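Just structure-v4.cif here, mmCIF, C-alpha atoms and all ligand atoms:
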```cif
data_run
#
loop_
_atom_site.label_atom_id
_atom_site.label_comp_id
_atom_site.auth_asym_id
_atom_site.auth_seq_id
_atom_site.Cartn_x
_atom_site.Cartn_y
_atom_site.Cartn_z
CA MET A 1 17.34 -21.58 10.02
CA PRO A 2 17.74 -18.43 7.99
CA VAL A 3 15.07 -15.82 7.58
CA LEU A 4 15.65 -13.38 4.76
CA ILE A 5 13.89 -10.11 4.09
CA ASN A 6 13.69 -8.48 0.70
CA PHE A 7 13.85 -4.84 1.70
CA LYS A 8 13.50 -3.84 -1.94
CA ILE A 9 9.79 -4.59 -1.77
CA CYS A 10 9.17 -4.14 1.96
CA ASP A 11 8.09 -0.86 3.44
CA ASN A 12 9.87 -1.84 6.64
CA CYS A 13 7.37 -0.65 9.18
CA GLU A 14 6.42 -1.41 12.75
CA ASP A 15 3.07 -2.68 11.54
CA CYS A 16 4.75 -5.72 9.92
CA ASN A 17 2.83 -9.00 10.07
CA GLY A 18 6.09 -10.80 10.83
CA LEU A 19 6.28 -9.11 14.21
CA ARG A 20 2.81 -10.35 15.07
CA VAL A 21 3.30 -13.98 14.11
CA CYS A 22 6.79 -14.61 15.49
CA PRO A 23 6.37 -16.50 18.79
CA THR A 24 9.84 -15.80 20.15
CA GLY A 25 10.71 -12.24 19.21
CA ALA A 26 13.34 -13.47 16.77
CA PHE A 27 11.61 -11.37 14.16
CA TYR A 28 11.50 -8.00 15.85
CA TRP A 29 11.32 -4.26 15.47
CA ASP A 30 14.62 -2.52 16.14
CA SER A 31 13.33 0.78 17.48
CA GLU A 32 16.77 2.36 17.54
CA LYS A 33 17.53 1.66 13.89
CA LYS A 34 13.84 1.91 12.92
CA THR A 35 13.82 -1.35 11.03
CA ILE A 36 12.42 -4.85 11.18
CA ALA A 37 15.21 -7.22 12.11
CA TYR A 38 15.96 -10.89 12.69
CA ASP A 39 17.80 -12.44 15.63
CA LYS A 40 18.89 -15.91 14.57
CA SER A 41 19.70 -16.94 18.14
CA LYS A 42 16.02 -16.64 19.14
CA CYS A 43 14.57 -18.32 16.06
CA ILE A 44 12.96 -21.73 16.61
CA GLY A 45 12.39 -22.33 12.92
CA CYS A 46 8.59 -22.41 13.05
CA GLY A 47 8.45 -20.79 9.61
CA ALA A 48 5.41 -18.64 10.50
CA CYS A 49 7.04 -15.44 9.30
CA GLY A 50 7.65 -16.96 5.87
CA HIS A 51 3.92 -17.11 5.17
CA CYS A 52 2.73 -13.84 6.60
CA CYS A 53 3.77 -11.22 4.08
CA SER A 54 1.64 -11.02 0.98
CA ASN A 55 4.31 -8.87 -0.64
CA ASP A 56 6.47 -12.00 -0.42
CA ALA A 57 9.15 -9.95 1.28
CA ILE A 58 9.96 -12.51 3.99
CA PHE A 59 11.50 -15.88 3.25
CA TYR A 60 12.05 -18.72 5.64
CA THR A 61 14.16 -21.74 4.75
CA ASP A 62 15.95 -24.37 6.79
CA SER A 63 18.58 -24.92 4.12
CA GLU A 64 21.70 -22.80 3.81
CA GLU A 65 21.84 -23.69 0.13
CA GLU A 66 18.32 -22.44 -0.51
CA ALA A 67 19.05 -19.35 1.55
CA ASN A 68 21.96 -18.55 -0.75
CA GLU A 69 19.70 -18.93 -3.77
CA ILE A 70 17.03 -16.70 -2.22
CA GLN A 71 19.65 -14.10 -1.34
CA LYS A 72 20.85 -14.15 -4.95
CA GLU A 73 17.27 -13.61 -6.16
CA ILE A 74 16.85 -10.72 -3.72
CA ASP A 75 20.14 -9.18 -4.88
CA GLU A 76 19.05 -9.44 -8.50
CA ASP A 77 15.48 -8.27 -7.90
CA PRO A 78 15.18 -5.15 -10.08
CA ARG A 79 12.27 -3.69 -8.13
CA THR A 80 12.58 -0.85 -5.65
CA ILE A 81 10.40 0.31 -2.80
CA ALA A 82 9.51 3.32 -4.95
CA ASP A 83 8.03 1.01 -7.62
CA LEU A 84 6.00 -0.69 -4.95
CA PHE A 85 4.66 2.57 -3.62
CA VAL A 86 3.54 3.66 -7.04
CA GLU A 87 2.04 0.31 -7.94
CA ARG A 88 0.24 -0.34 -4.70
CA TYR A 89 -0.05 2.93 -2.93
CA GLY A 90 0.18 5.70 -5.47
CA ALA A 91 2.13 7.76 -3.03
CA MET A 92 4.57 9.31 -5.43
CA PRO A 93 3.89 12.03 -7.93
CA VAL A 94 5.63 10.20 -10.73
CA SER A 95 3.45 11.04 -13.66
CA GLU A 96 0.63 13.29 -14.70
CA GLN A 97 -1.72 10.34 -14.17
CA TYR A 98 -0.72 9.52 -10.57
CA THR A 99 -0.20 12.61 -8.48
CA PHE A 100 -0.06 14.03 -5.02
CA GLU A 101 -2.25 17.13 -4.67
CA THR A 102 -1.06 19.67 -2.18
CA SER A 103 -3.91 22.15 -1.91
CA GLU A 104 -7.68 22.37 -1.99
CA GLU A 105 -7.47 24.46 -5.14
CA LYS A 106 -5.44 21.82 -6.94
CA VAL A 107 -7.93 19.15 -5.92
CA LYS A 108 -10.78 21.27 -7.31
CA ASN A 109 -8.92 21.83 -10.58
CA ARG A 110 -8.25 18.13 -10.83
CA ILE A 111 -11.90 17.25 -10.23
CA ASN A 112 -13.02 19.73 -12.88
CA SER A 113 -10.62 18.47 -15.51
CA ASN A 114 -12.06 16.85 -18.60
CA ARG A 115 -10.91 13.37 -17.54
CA PRO A 116 -12.32 10.77 -15.18
CA VAL A 117 -10.76 11.43 -11.79
CA ILE A 118 -10.20 9.51 -8.58
CA ILE A 119 -9.22 11.45 -5.48
CA GLU A 120 -7.94 9.52 -2.50
CA PHE A 121 -8.46 11.43 0.74
CA ASN A 122 -6.20 10.04 3.41
CA THR A 123 -4.49 10.94 6.67
CA ASN A 124 -0.87 10.45 7.68
CA GLU A 125 -2.01 8.29 10.61
CA ASN A 126 -3.32 5.76 8.10
CA ILE A 127 0.00 5.08 6.45
CA ASN A 128 1.17 1.77 7.76
CA CYS A 129 2.45 -1.29 6.06
CA LEU A 130 1.85 -1.47 2.33
CA LEU A 131 -0.17 -4.60 2.91
CA LYS A 132 -2.87 -2.20 3.98
CA SER A 133 -2.71 -0.46 0.68
CA ILE A 134 -4.90 0.25 -2.26
CA PRO A 135 -4.37 -1.46 -5.63
CA ILE A 136 -4.48 1.83 -7.45
CA THR A 137 -3.45 0.82 -10.93
CA GLU A 138 -6.08 -1.93 -10.94
CA ILE A 139 -8.75 0.49 -9.79
CA VAL A 140 -7.82 2.98 -12.48
CA LYS A 141 -7.89 0.23 -15.11
CA VAL A 142 -11.37 -0.81 -14.07
CA PHE A 143 -12.75 2.70 -13.67
CA ALA A 144 -11.32 4.28 -16.84
CA LYS A 145 -7.91 3.79 -18.40
CA ASN A 146 -7.40 7.52 -18.86
CA ALA A 147 -8.49 8.38 -15.31
CA THR A 148 -6.13 10.32 -13.09
CA TYR A 149 -5.51 9.23 -9.50
CA SER A 150 -4.59 11.82 -6.94
CA LYS A 151 -3.77 11.43 -3.31
CA PHE A 152 -4.70 14.29 -1.01
CA MET A 153 -3.68 14.21 2.62
CA ILE A 154 -6.08 15.78 5.08
CA ASN A 155 -6.31 16.10 8.86
CA GLU A 156 -9.02 14.47 10.89
CA ASN A 157 -10.57 17.87 11.56
CA GLU A 158 -11.04 18.34 7.81
CA TYR A 159 -13.32 15.32 7.32
CA GLU A 160 -16.45 17.43 7.31
CA LYS A 161 -15.02 19.98 4.91
CA TYR A 162 -14.30 17.30 2.31
CA ASP A 163 -17.35 15.19 3.15
CA VAL A 164 -15.20 12.28 4.28
CA SER A 165 -16.48 10.01 7.05
CA GLU A 166 -13.58 7.59 7.10
CA THR A 167 -10.14 7.33 5.49
CA PRO A 168 -8.89 6.28 3.07
CA CYS A 169 -11.80 7.51 1.02
CA LEU A 170 -11.73 7.23 -2.75
CA LYS A 171 -14.06 9.61 -4.54
CA PHE A 172 -14.81 9.11 -8.21
CA TYR A 173 -15.65 11.92 -10.62
CA ASN A 174 -16.16 12.42 -14.32
CA GLN A 175 -15.88 15.91 -15.79
CA GLY A 176 -16.56 17.44 -12.41
CA LYS A 177 -19.54 15.21 -11.62
CA PHE A 178 -19.32 13.15 -8.43
CA LEU A 179 -20.08 9.48 -9.13
CA GLY A 180 -19.58 7.80 -5.80
CA GLU A 181 -17.04 6.72 -3.23
CA ILE A 182 -15.33 3.76 -1.64
CA LYS A 183 -14.41 4.07 2.01
CA GLY A 184 -11.86 2.29 4.12
CA TYR A 185 -9.24 -0.35 3.61
CA TYR A 186 -9.95 -3.82 2.41
CA THR A 187 -8.92 -7.14 3.80
CA LEU A 188 -5.93 -8.98 2.42
CA GLU A 189 -8.24 -11.49 0.73
CA GLU A 190 -10.09 -8.71 -1.02
CA PHE A 191 -6.83 -7.07 -1.88
CA ASP A 192 -5.65 -10.24 -3.59
CA GLN A 193 -8.84 -10.88 -5.44
CA LEU A 194 -9.69 -7.30 -6.32
CA GLU A 195 -13.16 -8.48 -7.11
CA SER A 196 -14.95 -6.42 -4.53
CA PHE A 197 -13.22 -3.28 -5.76
CA ILE A 198 -14.20 -4.04 -9.31
CA ASN A 199 -17.81 -4.76 -8.41
CA LYS A 200 -18.07 -1.61 -6.35
CA ILE A 201 -16.60 0.56 -9.07
CA ASN A 202 -18.76 -0.97 -11.76
CA LYS A 203 -21.83 -0.16 -9.69
CA LEU A 204 -20.93 3.53 -9.51
S1 LIG A 301 4.42 -7.38 6.18
FE1 LIG A 301 4.98 -5.28 5.42
S2 LIG A 301 6.68 -4.65 6.71
FE2 LIG A 301 6.44 -6.89 6.96
S3 LIG A 301 7.86 -7.81 5.50
FE3 LIG A 301 5.88 -7.65 4.48
S4 LIG A 301 5.95 -5.66 3.41
FE4 LIG A 301 7.59 -5.67 4.93
S1 LIG A 302 10.85 -18.81 11.78
FE1 LIG A 302 9.39 -18.52 13.50
S2 LIG A 302 10.70 -18.06 15.26
FE2 LIG A 302 11.96 -17.76 13.43
S3 LIG A 302 11.75 -15.58 12.95
FE3 LIG A 302 10.18 -16.66 11.75
S4 LIG A 302 8.32 -16.61 13.04
FE4 LIG A 302 10.08 -16.09 14.36
#
```
With the file now loaded, output its structure as structure tokens.
Amino acid sequence: MPVLINFKICDNCEDCNGLRVCPTGAFYWDSEKKTIAYDKSKCIGCGACGHCCSNDAIFYTDSEEEANEIQKEIDEDPRTIADLFVERYGAMPVSEQYTFETSEEKVKNRINSNRPVIIEFNTNENINCLLKSIPITEIVKVFAKNATYSKFMINENEYEKYDVSETPCLKFYNQGKFLGEIKGYYTLEEFDQLESFINKINKL
């Protein structure tokens, strides 16, 4: 009854859905090693964990042969967790289009640039599993292909200063003009469909 985890596309956090659905603790959080882990001796083969990760990072199979094939696919998977962060979370300053801003001044300069701009205001407390993430590249595509997306981390006591009532908060601008905002995370269904994001952005 093997359970396999593709750590290349898993952000390996304590907020993992697998921990919630496993009825026996076979899928568990190893607090010493700070990792999700699997204890085969406790696994009853219910398969629940295999359906709970929408990143498709957890696989359940009752066949050793299939497990070997899955392991081969995981080994050959060219993706990395860094790719996933950029694609789904925008957390890495990898390009001039997707950036991390580190000061109020830089955020202001970004907003006043001559391009459409999205600023994500967020707090460190909000960073959990990537399943609770924002499909940034899709949002940029819908808003404006040449838009920049910047993440700016704030503290809860700075909400008022940046006119943020809840995080994450995505604020949209064009040439310095504020267009509107989207607040909060979205459900997994919405994340998959992206439709609500698109509708909201198109109404801005
Ligand atoms: S739910 Fe999150 S932490 Fe759990 S396997 Fe999927 S990506 Fe990893
Ligand atoms: S198959 Fe069931 S018992 Fe085994 S790790 Fe997954 S959720 Fe837990």
Which residues are near ligand LIG 301 (chain A) - at most 7 Å, using only C-alpha atoms and all ligand atoms? Format: as a list in words.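 What falls inside 7 Å of ligand LIG 301 (chain A) is Ile5, Ile9, Cys10, Asp11, Asn12, Cys13, Glu14, Asp15, Cys16, Asn17, Gly18, Cys52, Cys53, Ser54, Asn55, Asp56, Ala57, Ile58, Cys129, Leu130 and Leu131 of chain A.
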Atom-to-atom span, atom S1 of ligand LIG 302 (chain A) and atom CA of A:Asn6, Å: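 Taking atom S1 of ligand LIG 302 (chain A) and atom CA of A:Asn6, their separation equals 15.4 Å.
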Which value, in Å to one decimal, gives the distance between atom CA of A:Gly184 and atom CA of A:Phe143?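 Atom-to-atom, atom CA of A:Gly184 to atom CA of A:Phe143, that is 17.8 Å.
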Enumerate residues in contact with ligand LIG 302 (chain A): an atom-to-atom distance of at most 6 Å, counting all atoms listed in the file. Format the result as a ChimeraX atom specification. /A:21-24,26-27,43-49
Contacts between stretch 168-175 of chain A and stretch 14-116 of chain A, please, where a residue of stretch 14-116 of chain A counts if it comes within 10 Å (with only C-alpha atoms); show its shortest atom pair and distance in Å to one decimal, rows by chain and ascending number, as a tab-separated table.
```
residue	atom	partner	partner_atom	distance
A:Arg110	CA	A:Gln175	CA	9.4
A:Ile111	CA	A:Tyr173	CA	6.5
A:Asn112	CA	A:Gln175	CA	5.6
A:Ser113	CA	A:Gln175	CA	5.9
A:Asn114	CA	A:Gln175	CA	4.8
A:Arg115	CA	A:Gln175	CA	5.8
A:Pro116	CA	A:Asn174	CA	4.3
```
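Shortest separation to A:Ala67 among A:Val140, A:Val164, A:Leu4, A:Met153 occurs at residue A:Leu4, atoms counted being all atoms listed in the file.
Counting all atoms listed in the file and comparing A:Glu64, A:Val107, A:Phe121, A:Ile134, the residue that lies closest to A:Glu160 is A:Phe121.
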May I ask for the distance between atom CA of A:Lys40 and atom CA of A:Asn68, given in Å to one decimal place? 15.8 Å
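Counting all atoms listed in the file and comparing A:Leu19, A:Ile154, A:Val117, A:Ile136, the residue that lies closest to A:Thr35 is A:Leu19.
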Have a look at A:Ala144, A:Val3, A:Ser63, A:Phe178 and name the one nearest to A:Ile36; count all atoms listed in the file.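 Of A:Ala144, A:Val3, A:Ser63, A:Phe178, the one nearest A:Ile36 is A:Val3, counting all atoms listed in the file.
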